[in-house]
file data06.cif (mmCIF, C-alpha atoms)
data_query
#
loop_
_atom_site.label_atom_id
_atom_site.label_comp_id
_atom_site.auth_asym_id
_atom_site.auth_seq_id
_atom_site.Cartn_x
_atom_site.Cartn_y
_atom_site.Cartn_z
CA MET A 927 -175.70 31.19 -43.79
CA ASN A 928 -173.64 31.35 -47.00
CA VAL A 929 -170.96 33.33 -45.19
CA ARG A 930 -170.63 30.61 -42.57
CA ARG A 931 -170.44 27.92 -45.23
CA GLY A 932 -167.71 29.86 -47.01
CA ALA A 933 -165.78 30.25 -43.76
CA VAL A 934 -165.81 26.46 -43.32
CA LEU A 935 -165.11 25.48 -46.92
CA LEU A 936 -162.23 27.90 -47.50
CA PRO A 937 -159.75 26.19 -45.10
CA LEU A 938 -160.77 22.81 -46.51
CA LEU A 939 -160.15 23.96 -50.07
CA LEU A 940 -156.77 25.39 -49.10
CA LEU A 941 -155.84 22.13 -47.38
CA PHE A 942 -156.97 20.15 -50.44
CA HIS A 943 -154.81 22.18 -52.81
CA ALA A 944 -151.84 22.13 -50.43
CA GLY A 945 -152.17 18.38 -49.78
CA PRO A 946 -149.91 17.09 -52.58
CA ALA A 947 -147.15 19.54 -51.69
CA TRP A 948 -147.39 18.58 -48.02
CA CYS A 949 -147.23 14.86 -48.85
CA ALA A 950 -144.20 15.39 -51.07
CA ALA A 951 -142.42 17.14 -48.21
CA ALA A 952 -143.05 14.28 -45.76
CA PRO A 953 -139.91 12.26 -44.98
CA ARG A 954 -139.71 8.96 -46.86
CA VAL A 955 -138.19 5.97 -45.14
CA PRO A 956 -135.58 4.41 -47.44
CA PRO A 957 -135.84 0.69 -48.19
CA LEU A 958 -133.95 -1.58 -45.84
CA THR A 959 -130.83 -3.25 -47.21
CA LEU A 960 -129.35 -6.48 -45.91
CA HIS A 961 -126.28 -4.63 -44.62
CA ALA A 962 -128.46 -2.18 -42.67
CA ALA A 963 -130.56 -5.03 -41.27
CA LEU A 964 -127.48 -6.90 -40.08
CA ARG A 965 -126.02 -3.78 -38.51
CA ARG A 966 -129.23 -3.04 -36.61
CA VAL A 967 -129.82 -6.60 -35.38
CA LEU A 968 -126.23 -7.14 -34.25
CA ALA A 969 -126.20 -3.81 -32.41
CA ARG A 970 -129.57 -3.95 -30.67
CA HIS A 971 -130.72 -7.53 -30.23
CA PRO A 972 -131.21 -8.55 -26.57
CA LEU A 973 -129.22 -11.76 -27.07
CA VAL A 974 -126.18 -9.71 -28.07
CA ARG A 975 -126.53 -7.50 -25.01
CA ALA A 976 -126.93 -10.58 -22.81
CA ALA A 977 -123.77 -12.14 -24.24
CA GLU A 978 -121.86 -8.89 -23.70
CA ALA A 979 -123.06 -8.85 -20.08
CA GLU A 980 -121.78 -12.42 -19.65
CA ILE A 981 -118.34 -11.22 -20.75
CA GLU A 982 -118.38 -8.48 -18.13
CA ALA A 983 -119.44 -11.01 -15.49
CA ALA A 984 -116.61 -13.35 -16.51
CA ARG A 985 -114.13 -10.47 -16.29
CA GLY A 986 -115.31 -9.78 -12.77
CA LEU A 987 -114.65 -13.40 -11.83
CA ASP A 988 -111.23 -13.10 -13.44
CA VAL A 989 -110.42 -10.11 -11.22
CA GLN A 990 -111.54 -12.06 -8.16
CA ALA A 991 -109.45 -15.10 -9.07
CA ARG A 992 -106.27 -12.99 -9.18
CA GLN A 993 -106.70 -11.55 -5.69
CA TRP A 994 -105.01 -12.78 -2.57
CA ALA A 995 -107.18 -14.34 0.10
CA SER A 996 -108.88 -11.67 2.18
CA PRO A 997 -107.28 -11.10 5.63
CA ARG A 998 -109.41 -11.88 8.67
CA LEU A 999 -109.65 -9.54 11.65
CA SER A 1000 -111.10 -10.81 14.91
CA TYR A 1001 -111.66 -9.21 18.30
CA HIS A 1002 -112.51 -10.95 21.55
CA TYR A 1003 -113.65 -9.18 24.70
CA SER A 1004 -114.51 -10.63 28.06
CA THR A 1005 -113.81 -9.37 31.57
CA PRO A 1006 -110.93 -9.01 32.19
CA THR A 1007 -109.58 -10.17 28.77
CA LYS A 1008 -109.31 -8.25 25.51
CA ASN A 1009 -107.77 -9.81 22.41
CA ALA A 1010 -107.47 -8.75 18.73
CA ALA A 1011 -105.99 -10.85 15.93
CA LEU A 1012 -105.21 -10.42 12.21
CA SER A 1013 -104.68 -13.51 10.06
CA GLU A 1014 -103.85 -14.14 6.41
CA LEU A 1015 -103.94 -17.31 4.33
CA PHE A 1016 -100.97 -17.94 2.04
CA GLU A 1017 -101.66 -20.57 -0.60
CA PHE A 1018 -99.01 -22.90 -1.92
CA PRO A 1019 -97.20 -21.24 -4.87
CA GLY A 1020 -98.93 -21.75 -8.22
CA LYS A 1021 -102.49 -22.31 -7.01
CA ARG A 1022 -103.66 -18.73 -7.42
CA ALA A 1023 -101.95 -18.47 -10.82
CA LEU A 1024 -103.75 -21.57 -12.06
CA ARG A 1025 -107.10 -20.24 -10.93
CA ALA A 1026 -106.36 -16.93 -12.64
CA GLU A 1027 -105.50 -18.71 -15.90
CA ALA A 1028 -108.72 -20.72 -15.73
CA ALA A 1029 -110.71 -17.52 -15.11
CA GLU A 1030 -109.05 -15.83 -18.09
CA LEU A 1031 -110.01 -18.80 -20.28
CA THR A 1032 -113.60 -18.39 -19.06
CA VAL A 1033 -113.53 -14.79 -20.28
CA ARG A 1034 -112.32 -15.94 -23.68
CA GLN A 1035 -115.10 -18.54 -23.77
CA ALA A 1036 -117.65 -15.81 -23.09
CA GLU A 1037 -116.19 -13.83 -25.98
CA GLN A 1038 -116.58 -16.87 -28.23
CA GLN A 1039 -120.18 -17.20 -27.07
CA LEU A 1040 -120.76 -13.61 -28.16
CA ARG A 1041 -119.30 -14.45 -31.58
CA ALA A 1042 -121.55 -17.52 -31.80
CA THR A 1043 -124.59 -15.43 -30.85
CA ARG A 1044 -123.77 -12.81 -33.46
CA ALA A 1045 -123.23 -15.48 -36.13
CA ALA A 1046 -126.56 -17.16 -35.34
CA LEU A 1047 -128.41 -13.82 -35.40
CA ALA A 1048 -126.73 -12.89 -38.68
CA PHE A 1049 -127.96 -16.15 -40.20
CA GLN A 1050 -131.49 -15.57 -38.90
CA THR A 1051 -131.42 -12.05 -40.31
CA ARG A 1052 -130.27 -13.25 -43.72
CA GLN A 1053 -132.91 -15.96 -43.71
CA ALA A 1054 -135.69 -13.52 -42.78
CA PHE A 1055 -134.45 -10.87 -45.24
CA TYR A 1056 -134.22 -13.25 -48.20
CA HIS A 1057 -137.55 -14.83 -47.26
CA LEU A 1058 -139.19 -11.42 -47.49
CA LEU A 1059 -137.54 -10.90 -50.89
CA LEU A 1060 -138.91 -14.30 -51.91
CA MET A 1061 -142.41 -13.34 -50.77
CA ASN A 1062 -142.18 -10.06 -52.69
CA ARG A 1063 -141.30 -12.05 -55.79
CA GLU A 1064 -144.12 -14.53 -55.12
CA VAL A 1065 -146.63 -11.68 -54.80
CA ALA A 1066 -145.37 -10.23 -58.09
CA ASN A 1067 -145.67 -13.64 -59.80
CA ALA A 1068 -149.17 -14.21 -58.44
CA THR A 1069 -150.23 -10.70 -59.47
CA ALA A 1070 -148.91 -11.20 -63.00
CA THR A 1071 -150.67 -14.58 -63.25
CA LEU A 1072 -153.97 -13.08 -62.09
CA ALA A 1073 -153.64 -10.35 -64.72
CA ALA A 1074 -152.89 -12.95 -67.41
CA VAL A 1075 -155.80 -15.18 -66.39
CA ASP A 1076 -158.07 -12.13 -66.31
CA ARG A 1077 -157.05 -11.33 -69.90
CA ILE A 1078 -157.82 -14.92 -70.88
CA TRP A 1079 -161.24 -14.64 -69.24
CA ARG A 1080 -162.00 -11.41 -71.11
CA ALA A 1081 -160.91 -12.97 -74.39
CA ALA A 1082 -163.08 -16.05 -73.76
CA ALA A 1083 -166.04 -13.84 -72.88
CA ALA A 1084 -165.53 -11.81 -76.05
CA ARG A 1085 -165.33 -14.94 -78.20
CA TYR A 1086 -168.43 -16.33 -76.51
CA ARG A 1087 -170.35 -13.15 -77.27
CA ALA A 1088 -169.17 -13.38 -80.88
CA GLY A 1089 -170.31 -16.98 -81.09
CA ASP A 1090 -166.78 -18.35 -81.56
CA ALA A 1091 -166.52 -20.13 -78.19
CA ALA A 1092 -168.69 -22.13 -75.86
CA ARG A 1093 -170.06 -20.89 -72.55
CA LEU A 1094 -167.98 -23.58 -70.85
CA ASP A 1095 -164.78 -21.76 -71.85
CA VAL A 1096 -165.92 -18.68 -69.95
CA VAL A 1097 -166.76 -20.79 -66.90
CA LYS A 1098 -163.35 -22.48 -66.96
CA ALA A 1099 -161.56 -19.17 -67.32
CA ASP A 1100 -163.61 -17.68 -64.48
CA LEU A 1101 -162.71 -20.66 -62.26
CA SER A 1102 -159.03 -20.17 -63.02
CA ARG A 1103 -159.39 -16.47 -62.23
CA ALA A 1104 -160.91 -17.33 -58.83
CA ARG A 1105 -158.02 -19.70 -58.12
CA ALA A 1106 -155.53 -17.01 -59.10
CA ARG A 1107 -157.18 -14.55 -56.72
CA GLN A 1108 -157.02 -17.10 -53.91
CA ALA A 1109 -153.33 -17.79 -54.66
CA LEU A 1110 -152.62 -14.06 -54.51
CA ARG A 1111 -154.37 -13.77 -51.13
CA VAL A 1112 -152.30 -16.68 -49.80
CA VAL A 1113 -148.93 -15.24 -50.82
CA ARG A 1114 -149.91 -11.82 -49.50
CA GLY A 1115 -150.63 -13.45 -46.14
CA GLN A 1116 -147.28 -15.23 -46.28
CA ARG A 1117 -145.60 -11.92 -47.01
CA LYS A 1118 -147.19 -10.43 -43.88
CA VAL A 1119 -145.71 -13.29 -41.87
CA ALA A 1120 -142.29 -12.61 -43.41
CA VAL A 1121 -142.59 -8.92 -42.49
CA ILE A 1122 -143.47 -9.84 -38.91
CA SER A 1123 -140.47 -12.17 -38.61
CA LEU A 1124 -138.01 -9.57 -39.84
CA ASN A 1125 -139.60 -6.79 -37.78
CA ILE A 1126 -139.21 -8.85 -34.61
CA LEU A 1127 -135.53 -9.41 -35.33
CA LEU A 1128 -135.10 -5.70 -35.95
CA GLY A 1129 -136.87 -4.79 -32.72
CA ARG A 1130 -139.67 -2.97 -34.57
CA PRO A 1131 -143.45 -3.22 -34.11
CA MET A 1132 -144.66 -6.44 -35.72
CA ALA A 1133 -147.14 -4.79 -38.08
CA ALA A 1134 -144.89 -1.85 -39.02
CA PRO A 1135 -144.55 -1.35 -42.80
CA LEU A 1136 -141.28 -2.76 -44.07
CA HIS A 1137 -139.75 -2.37 -47.50
CA VAL A 1138 -136.52 -4.14 -48.37
CA ARG A 1139 -134.10 -3.60 -51.20
CA GLY A 1140 -132.11 -6.46 -52.61
CA ARG A 1141 -132.02 -9.10 -55.31
CA LEU A 1142 -132.50 -12.82 -54.93
CA THR A 1143 -130.62 -13.23 -58.20
CA ALA A 1144 -127.44 -11.68 -56.78
CA ALA A 1145 -124.95 -14.53 -57.10
CA SER A 1146 -122.85 -15.03 -53.98
CA ALA A 1147 -120.11 -17.53 -54.65
CA ALA A 1148 -118.83 -19.73 -51.86
CA PRO A 1149 -115.09 -20.50 -51.61
CA GLY A 1150 -113.85 -24.00 -52.26
CA LEU A 1151 -114.51 -26.71 -49.70
CA HIS A 1152 -110.89 -26.88 -48.53
CA ALA A 1153 -110.76 -23.12 -47.95
CA LEU A 1154 -114.10 -23.23 -46.11
CA LEU A 1155 -112.91 -26.00 -43.81
CA GLN A 1156 -109.63 -24.29 -42.99
CA GLU A 1157 -111.44 -21.04 -42.20
CA ALA A 1158 -113.98 -22.86 -40.03
CA TYR A 1159 -111.30 -24.76 -38.09
CA ALA A 1160 -109.53 -21.48 -37.39
CA GLN A 1161 -112.45 -19.30 -36.29
CA ASP A 1162 -115.61 -21.31 -35.57
CA PRO A 1163 -116.81 -20.15 -32.11
CA ALA A 1164 -118.03 -23.56 -30.97
CA LEU A 1165 -114.74 -25.23 -31.86
CA ALA A 1166 -112.73 -22.39 -30.31
CA SER A 1167 -114.81 -22.62 -27.13
CA ALA A 1168 -114.24 -26.38 -26.98
CA ARG A 1169 -110.48 -25.83 -27.24
CA LEU A 1170 -110.64 -23.25 -24.47
CA GLU A 1171 -112.66 -25.67 -22.34
CA GLN A 1172 -109.95 -28.29 -22.72
CA GLN A 1173 -107.26 -25.78 -21.68
CA LYS A 1174 -109.34 -24.73 -18.69
CA ARG A 1175 -109.78 -28.33 -17.58
CA GLU A 1176 -106.02 -28.82 -17.82
CA ARG A 1177 -105.58 -25.93 -15.36
CA ASP A 1178 -108.22 -27.43 -13.10
CA LEU A 1179 -106.37 -30.76 -13.11
CA ALA A 1180 -103.05 -29.08 -12.32
CA LEU A 1181 -104.72 -27.17 -9.48
CA ALA A 1182 -106.26 -30.37 -8.12
CA LYS A 1183 -102.84 -32.03 -8.07
CA ARG A 1184 -101.45 -29.11 -6.08
CA GLN A 1185 -104.06 -29.57 -3.37
CA LYS A 1186 -101.79 -32.16 -1.74
CA PHE A 1187 -99.53 -29.27 -0.76
CA PRO A 1188 -100.88 -27.49 2.35
CA ASN A 1189 -101.58 -23.79 2.65
CA LEU A 1190 -100.03 -21.63 5.34
CA ASP A 1191 -102.17 -19.57 7.70
CA LEU A 1192 -100.34 -16.81 9.65
CA SER A 1193 -101.96 -14.89 12.48
CA ALA A 1194 -100.72 -12.03 14.64
CA SER A 1195 -102.55 -11.17 17.85
CA TYR A 1196 -102.40 -8.63 20.63
CA GLY A 1197 -104.22 -9.05 23.94
CA ILE A 1198 -104.59 -7.57 27.41
CA GLU A 1199 -105.37 -9.76 30.38
CA ASP A 1200 -105.36 -8.42 33.96
CA GLY A 1201 -103.50 -5.37 32.68
CA VAL A 1202 -100.74 -7.45 31.10
CA ARG A 1203 -100.11 -6.89 27.40
CA THR A 1204 -99.53 -10.16 25.52
CA PRO A 1205 -98.58 -10.01 21.79
CA GLY A 1206 -98.67 -13.33 19.94
CA PHE A 1207 -97.97 -15.00 16.61
CA THR A 1208 -99.47 -18.21 15.22
CA ALA A 1209 -98.59 -20.28 12.15
CA SER A 1210 -100.79 -23.16 11.05
CA ILE A 1211 -101.13 -25.43 8.05
CA GLY A 1212 -104.05 -27.52 6.83
CA ILE A 1213 -103.36 -31.21 6.35
CA PRO A 1214 -105.00 -32.48 3.12
CA LEU A 1215 -106.68 -35.82 3.58
CA PRO A 1216 -105.67 -38.37 0.90
CA GLY A 1217 -109.25 -39.32 0.10
CA ALA A 1218 -110.34 -35.76 -0.61
CA TYR A 1219 -107.18 -35.04 -2.60
CA HIS A 1220 -107.46 -38.11 -4.81
CA GLY A 1221 -111.16 -37.48 -5.34
CA GLU A 1222 -110.50 -33.95 -6.63
CA VAL A 1223 -107.78 -35.24 -8.97
CA GLU A 1224 -110.01 -37.97 -10.39
CA THR A 1225 -112.87 -35.53 -10.91
CA ALA A 1226 -110.61 -33.02 -12.69
CA ALA A 1227 -109.05 -35.77 -14.83
CA GLY A 1228 -112.48 -37.01 -15.88
CA ARG A 1229 -113.58 -33.51 -16.83
CA LYS A 1230 -110.42 -33.06 -18.88
CA LEU A 1231 -111.13 -36.27 -20.82
CA ALA A 1232 -114.69 -35.06 -21.40
CA ALA A 1233 -113.31 -31.74 -22.70
CA VAL A 1234 -110.99 -33.58 -25.11
CA ALA A 1235 -113.93 -35.59 -26.41
CA GLY A 1236 -115.97 -32.40 -26.65
CA GLU A 1237 -113.32 -30.77 -28.82
CA GLN A 1238 -113.29 -33.78 -31.14
CA ALA A 1239 -117.09 -33.71 -31.35
CA ALA A 1240 -117.01 -29.99 -32.16
CA TYR A 1241 -114.43 -30.68 -34.87
CA TYR A 1242 -116.71 -33.31 -36.43
CA GLN A 1243 -119.75 -31.04 -36.20
CA VAL A 1244 -117.96 -28.16 -37.89
CA THR A 1245 -116.71 -30.45 -40.65
CA GLU A 1246 -120.19 -31.84 -41.25
CA ALA A 1247 -121.84 -28.41 -41.20
CA VAL A 1248 -119.36 -26.89 -43.66
CA ALA A 1249 -119.41 -29.86 -46.05
CA SER A 1250 -123.21 -30.05 -45.95
CA ALA A 1251 -123.64 -26.33 -46.59
CA TYR A 1252 -121.12 -26.39 -49.42
CA GLU A 1253 -122.71 -29.38 -51.16
CA GLN A 1254 -126.13 -27.77 -50.77
CA TRP A 1255 -124.79 -24.61 -52.36
CA LEU A 1256 -123.44 -26.59 -55.32
CA ALA A 1257 -126.80 -28.32 -55.80
CA ASP A 1258 -128.75 -25.05 -55.53
CA GLN A 1259 -126.35 -23.32 -57.90
CA ALA A 1260 -126.85 -26.05 -60.49
CA GLN A 1261 -130.61 -25.83 -60.08
CA VAL A 1262 -130.63 -22.06 -60.56
CA ARG A 1263 -128.54 -22.41 -63.73
CA SER A 1264 -130.93 -25.00 -65.12
CA TYR A 1265 -133.81 -22.57 -64.73
CA GLN A 1266 -131.84 -19.67 -66.18
CA THR A 1267 -130.47 -21.55 -69.17
CA ARG A 1268 -133.43 -23.74 -70.13
CA LEU A 1269 -136.56 -24.10 -68.00
CA LEU A 1270 -137.68 -20.46 -67.88
CA ALA A 1271 -137.29 -20.01 -71.63
CA GLU A 1272 -139.01 -23.31 -72.43
CA SER A 1273 -141.94 -22.48 -70.14
CA ALA A 1274 -142.34 -19.07 -71.78
CA GLN A 1275 -142.24 -20.66 -75.23
CA VAL A 1276 -144.90 -23.21 -74.30
CA LEU A 1277 -147.13 -20.44 -72.96
CA ALA A 1278 -146.65 -18.29 -76.04
CA GLY A 1279 -147.43 -21.26 -78.30
CA ALA A 1280 -150.57 -22.11 -76.36
CA GLN A 1281 -151.76 -18.51 -76.54
CA ALA A 1282 -151.12 -18.38 -80.30
CA SER A 1283 -152.93 -21.69 -80.88
CA TYR A 1284 -155.91 -20.49 -78.88
CA ARG A 1285 -156.11 -17.21 -80.78
CA ALA A 1286 -156.00 -19.17 -84.05
CA GLY A 1287 -158.77 -21.45 -82.83
CA GLU A 1288 -156.58 -24.53 -83.04
CA THR A 1289 -156.86 -25.49 -79.33
CA GLY A 1290 -159.28 -24.95 -76.49
CA ILE A 1291 -158.98 -22.64 -73.52
CA LEU A 1292 -157.77 -25.41 -71.22
CA SER A 1293 -154.43 -25.57 -73.02
CA VAL A 1294 -153.86 -21.87 -72.40
CA LEU A 1295 -154.88 -22.12 -68.74
CA ASP A 1296 -152.66 -25.17 -68.21
CA ALA A 1297 -149.73 -23.41 -69.85
CA GLU A 1298 -150.30 -20.32 -67.70
CA ARG A 1299 -150.43 -22.45 -64.55
CA THR A 1300 -147.28 -24.33 -65.56
CA ASN A 1301 -145.48 -21.07 -66.26
CA LEU A 1302 -146.41 -19.78 -62.80
CA GLN A 1303 -145.16 -22.99 -61.19
CA VAL A 1304 -141.85 -22.72 -63.04
CA ARG A 1305 -141.39 -19.10 -61.99
CA GLN A 1306 -142.27 -19.98 -58.39
CA ALA A 1307 -139.82 -22.89 -58.42
CA TYR A 1308 -137.14 -20.59 -59.84
CA ALA A 1309 -137.73 -18.05 -57.08
CA GLN A 1310 -137.56 -20.83 -54.48
CA ALA A 1311 -134.28 -22.05 -56.00
CA LEU A 1312 -132.84 -18.54 -55.78
CA TYR A 1313 -133.89 -18.34 -52.13
CA GLN A 1314 -132.38 -21.74 -51.33
CA ARG A 1315 -129.11 -20.71 -52.98
CA GLN A 1316 -128.90 -17.58 -50.85
CA LEU A 1317 -129.76 -19.67 -47.78
CA ALA A 1318 -126.98 -22.14 -48.61
CA VAL A 1319 -124.45 -19.32 -48.80
CA ALA A 1320 -125.72 -18.02 -45.44
CA LYS A 1321 -125.22 -21.50 -43.99
CA THR A 1322 -121.60 -21.56 -45.17
CA ILE A 1323 -121.06 -18.23 -43.40
CA LEU A 1324 -122.69 -19.59 -40.24
CA ALA A 1325 -120.66 -22.81 -40.39
CA ARG A 1326 -117.51 -20.70 -40.47
CA GLY A 1327 -118.70 -18.70 -37.48
CA GLY A 1328 -118.74 -15.42 -39.36
CA VAL A 1329 -121.26 -12.60 -39.81
CA GLN A 1330 -119.79 -10.77 -42.84
#
call {"tool": "encode", "arguments": {"input": "data06.cif", "output": "structure tokens"}}
result
Amino acid sequence: MNVRRGAVLLPLLLLFHAGPAWCAAAPRVPPLTLHAALRRVLARHPLVRAAEAEIEAARGLDVQARQWASPRLSYHYSTPTKNAALSELFEFPGKRALRAEAAELTVRQAEQQLRATRAALAFQTRQAFYHLLLMNREVANATATLAAVDRIWRAAAARYRAGDAARLDVVKADLSRARARQALRVVRGQRKVAVISLNILLGRPMAAPLHVRGRLTAASAAPGLHALLQEAYAQDPALASARLEQQKRERDLALAKRQKFPNLDLSASYGIEDGVRTPGFTASIGIPLPGAYHGEVETAAGRKLAAVAGEQAAYYQVTEAVASAYEQWLADQAQVRSYQTRLLAESAQVLAGAQASYRAGETGILSVLDAERTNLQVRQAYAQALYQRQLAVAKTILARGGVQ
């Protein structure tokens, strides 16, 4: 019996002693950086692949628009007649070229849509990444507050046992400790939501562990408003697509005006009837009806005017988005500086003073708990200001249509 037990325990003991070495040899997944997250999302997200497929589809239409009309081959057989014919449609010069130019502009619009998709996904990735950094900071703040409140509770309990404090102080401290635990549970749940959001963008399982590396305090300066506007006017995808739409509608209008010129249809035939061979040649033209022609022109002209208005609207939208993002960045930058230069230090000083007064018996425990709660609120507000500043910079990048 002892021999059997030894045979079972020996492998377990060997595994126990080898466990730390085996764990150390296991591959460790490095923390995710913002650059790596952007690279993964922009390379693998389904919306990017869909936009790339739209470009390929537009290129196929461009190839079709440049082709000549397909020839038509017909064959007729009846006793005693046999007849074969080959016909080709020749459009009035310039029509096919205009359609080809419009198709090429459609390809360029699809490329701009890809840029817009990438810019939007880059913004979403930045937002999710910085939100996870914010939640990590919130968890750290809540953990530190719980530890501080727990120390206050222990001190109150010790003073109560020594007869230097009332039982009510212990109860108040214990209530604050329960609130701190609840606050920690809340921010941990919010962090799980942030992990899920970023994992979905990355194409990973929702509950997969995710560790990010970055700093909310990293200051990202935005260029001046004039430089931002000039960059946005030059490269914003929505504005560029609106310009392309106007150019395409100009081609459509020119093509509609050319519809008053008829196309030429040539046909060569060869037949046999009662043993007699009869080659033939036919030329025909279509006569455009004035009503249909004028209707096409009016429709194309209306769409061109709509495209012009659309370009102006896109110009206004870009201007508003850039100016709004820039002003928000200025406000957030000022708020962050106010915390860094004054509010954080003042909050820490108030907390330290309250703790010293409590230890000296000059004030009650409520002053310490209030100071601790105020200090947590200031640190949380500072973290939120850092997050909002990073978000404002991301909005300036989005407003310019970039991914950086």
call {"tool": "atom_distance", "arguments": {"input": "data06.cif", "atom1": "CA of Pro957 in chain A", "atom2": "CA of Leu1072 in chain A"}}
result
26.7 Å
call {"tool": "residues_around", "arguments": {"input": "data06.cif", "residues": "Ala1257 in chain A", "least_positions_apart": "6", "cutoff": "10 Å", "atoms": "only C-alpha atoms", "output": "PyMOL selection string"}}
result
chain A and resi 1251+1311+1314-1315+1318
call {"tool": "resolve_selection", "arguments": {"input": "data06.cif", "expression": "the PyMOL selection byres ((chain A and resi 1158) around 8)", "output": "PDB file with C-alpha atoms, in the frame of the given file"}}
result
ATOM      1  CA  LEU A1154    -114.100 -23.230 -46.110  1.00  0.00           C
ATOM      2  CA  LEU A1155    -112.910 -26.000 -43.810  1.00  0.00           C
ATOM      3  CA  GLN A1156    -109.630 -24.290 -42.990  1.00  0.00           C
ATOM      4  CA  GLU A1157    -111.440 -21.040 -42.200  1.00  0.00           C
ATOM      5  CA  TYR A1159    -111.300 -24.760 -38.090  1.00  0.00           C
ATOM      6  CA  ALA A1160    -109.530 -21.480 -37.390  1.00  0.00           C
ATOM      7  CA  GLN A1161    -112.450 -19.300 -36.290  1.00  0.00           C
ATOM      8  CA  ASP A1162    -115.610 -21.310 -35.570  1.00  0.00           C
ATOM      9  CA  VAL A1244    -117.960 -28.160 -37.890  1.00  0.00           C
ATOM     10  CA  VAL A1248    -119.360 -26.890 -43.660  1.00  0.00           C
ATOM     11  CA  ALA A1325    -120.660 -22.810 -40.390  1.00  0.00           C
ATOM     12  CA  ARG A1326    -117.510 -20.700 -40.470  1.00  0.00           C
ATOM     13  CA  GLY A1327    -118.700 -18.700 -37.480  1.00  0.00           C
TER      14      GLY A1327
END
call {"tool": "resolve_selection", "arguments": {"input": "data06.cif", "expression": "the PyMOL selection byres ((chain A and resi 1123-1132) around 9)", "output": "PDB file with C-alpha atoms, keeping the file's coordinate frame"}}
result
ATOM      1  CA  ALA A 963    -130.560  -5.030 -41.270  1.00  0.00           C
ATOM      2  CA  LEU A 964    -127.480  -6.900 -40.080  1.00  0.00           C
ATOM      3  CA  ARG A 966    -129.230  -3.040 -36.610  1.00  0.00           C
ATOM      4  CA  VAL A 967    -129.820  -6.600 -35.380  1.00  0.00           C
ATOM      5  CA  ARG A 970    -129.570  -3.950 -30.670  1.00  0.00           C
ATOM      6  CA  HIS A 971    -130.720  -7.530 -30.230  1.00  0.00           C
ATOM      7  CA  LEU A1047    -128.410 -13.820 -35.400  1.00  0.00           C
ATOM      8  CA  GLN A1050    -131.490 -15.570 -38.900  1.00  0.00           C
ATOM      9  CA  THR A1051    -131.420 -12.050 -40.310  1.00  0.00           C
ATOM     10  CA  ALA A1054    -135.690 -13.520 -42.780  1.00  0.00           C
ATOM     11  CA  PHE A1055    -134.450 -10.870 -45.240  1.00  0.00           C
ATOM     12  CA  LEU A1058    -139.190 -11.420 -47.490  1.00  0.00           C
ATOM     13  CA  LYS A1118    -147.190 -10.430 -43.880  1.00  0.00           C
ATOM     14  CA  VAL A1119    -145.710 -13.290 -41.870  1.00  0.00           C
ATOM     15  CA  ALA A1120    -142.290 -12.610 -43.410  1.00  0.00           C
ATOM     16  CA  VAL A1121    -142.590  -8.920 -42.490  1.00  0.00           C
ATOM     17  CA  ILE A1122    -143.470  -9.840 -38.910  1.00  0.00           C
ATOM     18  CA  ALA A1133    -147.140  -4.790 -38.080  1.00  0.00           C
ATOM     19  CA  ALA A1134    -144.890  -1.850 -39.020  1.00  0.00           C
ATOM     20  CA  PRO A1135    -144.550  -1.350 -42.800  1.00  0.00           C
ATOM     21  CA  LEU A1136    -141.280  -2.760 -44.070  1.00  0.00           C
TER      22      LEU A1136
END
call {"tool": "closest_residue", "arguments": {"input": "data06.cif", "among": "A:Leu960, A:Ala979, A:Ala991, A:Val1033", "to": "Leu1170 in chain A", "atoms": "only C-alpha atoms"}}
result
A:Val1033
call {"tool": "resolve_selection", "arguments": {"input": "data06.cif", "expression": "the PyMOL selection byres ((chain A and resi 1078) around 12)", "output": "PyMOL selection string"}}
result
chain A and resi 1071-1077+1079-1085+1095-1103+1280-1281+1284-1285+1290-1298
call {"tool": "residues_near_point", "arguments": {"input": "data06.cif", "point": "(-103.6, -22.4, 5.6)", "cutoff": "12 Å", "atoms": "only C-alpha atoms", "output": "MDAnalysis selection string"}}
result
chainID A and resid 995 997 1013:1018 1185 1187:1193 1208:1214
call {"tool": "closest_residue", "arguments": {"input": "data06.cif", "among": "A:Leu1040, A:Val989, A:Val1202, A:Leu1231", "to": "Leu968 in chain A", "atoms": "only C-alpha atoms"}}
result
A:Leu1040
call {"tool": "atom_distance", "arguments": {"input": "data06.cif", "atom1": "CA of Lys1230 in chain A", "atom2": "CA of Asp1178 in chain A"}}
result
8.4 Å
call {"tool": "atom_distance", "arguments": {"input": "data06.cif", "atom1": "CA of Gln1039 in chain A", "atom2": "CA of Arg1229 in chain A"}}
result
20.4 Å
call {"tool": "closest_residue", "arguments": {"input": "data06.cif", "among": "A:Arg1263, A:Arg1299, A:Arg1184, A:Arg1117", "to": "Arg1105 in chain A", "atoms": "all atoms listed in the file"}}
result
A:Arg1299
call {"tool": "residues_around", "arguments": {"input": "data06.cif", "residues": "Tyr1056 in chain A", "least_positions_apart": "3", "cutoff": "9 Å", "atoms": "only C-alpha atoms", "output": "JSON, numbers by chain"}}
result
{"A": [960, 1051, 1052, 1053, 1059, 1060, 1061, 1140, 1141, 1142, 1313, 1316, 1317]}
call {"tool": "write_last_selection", "arguments": {"input": "data06.cif", "atoms": "C-alpha atoms", "output": "short mmCIF file (atom, residue, chain, number, x, y, z; two decimals), in the coordinates of the input"}}
result
data_model
loop_
_atom_site.label_atom_id
_atom_site.label_comp_id
_atom_site.auth_asym_id
_atom_site.auth_seq_id
_atom_site.Cartn_x
_atom_site.Cartn_y
_atom_site.Cartn_z
CA LEU A 960 -129.35 -6.48 -45.91
CA THR A 1051 -131.42 -12.05 -40.31
CA ARG A 1052 -130.27 -13.25 -43.72
CA GLN A 1053 -132.91 -15.96 -43.71
CA LEU A 1059 -137.54 -10.90 -50.89
CA LEU A 1060 -138.91 -14.30 -51.91
CA MET A 1061 -142.41 -13.34 -50.77
CA GLY A 1140 -132.11 -6.46 -52.61
CA ARG A 1141 -132.02 -9.10 -55.31
CA LEU A 1142 -132.50 -12.82 -54.93
CA TYR A 1313 -133.89 -18.34 -52.13
CA GLN A 1316 -128.90 -17.58 -50.85
CA LEU A 1317 -129.76 -19.67 -47.78
#
